[in-house]
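Working notes, beginning with the structure itself.
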Amino acid sequence: MPRSIDKLQATSAAPAPERSALEKSAFLLVLSGPQVGELYKLKPDQPTVIGRGEADLRIDDDGISRRHCSIQPRGRGALLVDLGSANGTYVDGERVREKLLGSDDRFQIGVSTTLKFAIADDMEAAVQRKMAEAALREPLTGLYNRRHFQERFAAEVAVAHRHHRALSLLMIDVDYFKRVNDKHGHLAGDEVLKTVARALQQGIRIEDILARFGGEEFVVLAREADLAEAMAVAERLRQLVEVAQTRWESGHDVPVGIAVTVSVGVAQLGEEETERDLFEAADQAVYKAKKNGRNRVLAAGTRTPKPRRRARK
């Protein structure tokens, strides 16, 4: 039975019990890299080993060694120790073997991973995690933003080349989006973009990276997907957007359903290609898809690898 307001007011005057959430603990927050936004509580009485293999804290970044470094809380700080990693552990751009960190200090490992050490209670740590996550998202659709996508793009291309894994890129453009804005207004256009984003989220695989690149453009990085697999993903996304509708009410008008389609360009990373090469190939493919009638998926054509420059003797 719900309590009365009087009883609620009476109990509110009683002292609140101590909460374990207010006890300070040592945390690591991933600020950039493949696992950005993740939060880890450190063990207080022993080192936490960070690496890609047999480690307490596993981070899937190509440049991180199997046992890369360790960190152990010490008073109000922590001792960071490099464990003989191949690519080094860096604090403020300087490679270190051992470094005593203070709360809010940062260190870098691997291709793109930055971690922040912090002494905080559980509530403060959760707030920091939410702030870090919010910095990666664009506010309208909640998808990853362009900056985060570009960071992940460079890292994933490096991983694909090093381990000879397939990697494909999908460029997605909403067809005739300007007509939506002109006919229904920009607020309606925003709602349409949200609908498109939800449809795309529904259709990607768990390992894919989806971002809003800008305006009515979206991108999907299809990890370990060759061209055929990426084309299948792209076709699924096209179909999901085609059947989705945005319900729009404007003033005293009768509610309407706004439907849009997308054109998708798909390209697979070649052996000698950079992220720029892959991006341009997918961009050209989506341009041709729109030119050839829109609401379709088109694969990039065969590309001739660019000759590599010979080192001067």
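Lettering and numbering for the structure tokens are positional, with chains as A, B, ... in the shown order, residues counted from 1 in each chain, and ligands counted from 1 in the shown order.
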Give me the range 23-88 of chain A side of the contact with range 149-170 of chain A, cut-off 9 Å, one line per residue showing its nearest atom pair and distance in Å at one decimal, counting only C-alpha atoms, sorted by chain and residue number, as JSON lines.
```
{"residue": "A:Ser32", "atom": "CA", "partner": "A:Glu151", "partner_atom": "CA", "distance": 8.2}
{"residue": "A:Gly33", "atom": "CA", "partner": "A:Arg152", "partner_atom": "CA", "distance": 6.7}
{"residue": "A:Pro34", "atom": "CA", "partner": "A:Arg152", "partner_atom": "CA", "distance": 6.6}
{"residue": "A:Asp61", "atom": "CA", "partner": "A:Ala155", "partner_atom": "CA", "distance": 7.9}
{"residue": "A:Asp62", "atom": "CA", "partner": "A:Val159", "partner_atom": "CA", "distance": 5.6}
{"residue": "A:Gly63", "atom": "CA", "partner": "A:Val159", "partner_atom": "CA", "distance": 8.6}
```
Using only C-alpha atoms, which residues sit within 10 Å of Val180 in chain A once same-chain residues fewer than 5 positions away are excluded, as a ChimeraX atom specification? /A:175,185-190,192,258-260
From a DSSP pass on the backbone, collect the residues of range 15-244 of chain A flagged as strand (DSSP E or B) and hand them back as a PyMOL selection string. chain A and resi 25-32+39-41+48-51+57-58+69-74+77-82+89-91+94-96+98-102+106-109+113-120+137+144+167-174+209-214+217-223
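Using only C-alpha atoms, the contacts of Leu140 in chain A at a cut-off of 8 Å, with sequence neighbours closer than 2 positions omitted, comprise Glu138, Gly142, Asp190 and Lys194 of chain A.
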Requested write-out: N, CA, C and O atoms of the selected residues, as a short mmCIF file (atom, residue, chain, number, x, y, z; two decimals), in the first residue's frame:
```cif
data_model
loop_
_atom_site.label_atom_id
_atom_site.label_comp_id
_atom_site.auth_asym_id
_atom_site.auth_seq_id
_atom_site.Cartn_x
_atom_site.Cartn_y
_atom_site.Cartn_z
N GLU A 138 26.12 11.42 -31.35
CA GLU A 138 25.54 12.68 -31.81
C GLU A 138 24.12 12.75 -31.25
O GLU A 138 23.42 11.73 -31.14
N GLY A 142 21.44 9.49 -31.53
CA GLY A 142 22.09 8.65 -30.54
C GLY A 142 23.12 7.71 -31.12
O GLY A 142 23.73 6.91 -30.40
N ASP A 190 14.05 15.86 -38.95
CA ASP A 190 14.76 15.27 -37.81
C ASP A 190 14.13 13.95 -37.38
O ASP A 190 14.84 12.98 -37.07
N LYS A 194 15.70 10.06 -37.29
CA LYS A 194 15.62 9.15 -36.14
C LYS A 194 15.05 7.80 -36.55
O LYS A 194 15.52 6.74 -36.12
#
```
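Excluding Glu249 in chain A itself and same-chain residues fewer than 6 positions from it, the residues having an atom within 10 Å of it are His184, Ala188, Pro255, Val256 and Gly257 of chain A, counting only C-alpha atoms.
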I need the chosen residues saved as a short mmCIF file (atom, residue, chain, number, x, y, z; two decimals), in the first residue's frame, with C-alpha atoms.
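And here's out38.cif as it stands now:
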```cif
data_model
loop_
_atom_site.label_atom_id
_atom_site.label_comp_id
_atom_site.auth_asym_id
_atom_site.auth_seq_id
_atom_site.Cartn_x
_atom_site.Cartn_y
_atom_site.Cartn_z
CA HIS A 184 7.08 19.00 -43.94
CA ALA A 188 9.84 16.46 -39.52
CA PRO A 255 -1.13 13.06 -38.98
CA VAL A 256 0.79 11.75 -41.96
CA GLY A 257 3.21 8.90 -42.49
#
```
Within 9 Å of Phe218 in chain A using only C-alpha atoms, minus same-chain residues under 6 positions, as a PyMOL selection string: chain A and resi 170-174+197+210-212
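With CA of Thr261 in chain A on one side and CA of Ala299 in chain A on the other, the separation reads 17.6 Å.
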How many Å lie between CA of Asp283 in chain A and CA of Gly301 in chain A, rounded to one decimal?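 Between CA of Asp283 in chain A and CA of Gly301 in chain A the gap works out to 11.6 Å.
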When you count only C-alpha atoms, which of these residues is closest to Gly37 in chain A: A:Arg129, A:Glu271, A:Val254, A:Tyr144?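 The shortest atom-to-atom distance to Gly37 in chain A comes from A:Arg129.
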Contacts of Ile109 in chain A within 10 Å, only C-alpha atoms, excl. fewer than 3 positions in-chain, as JSON, numbers by chain: {"A": [33, 50, 51, 59, 61, 62, 63, 64, 65, 68, 69, 82, 85, 87, 88, 89, 90, 91, 95, 112, 113, 114, 115]}
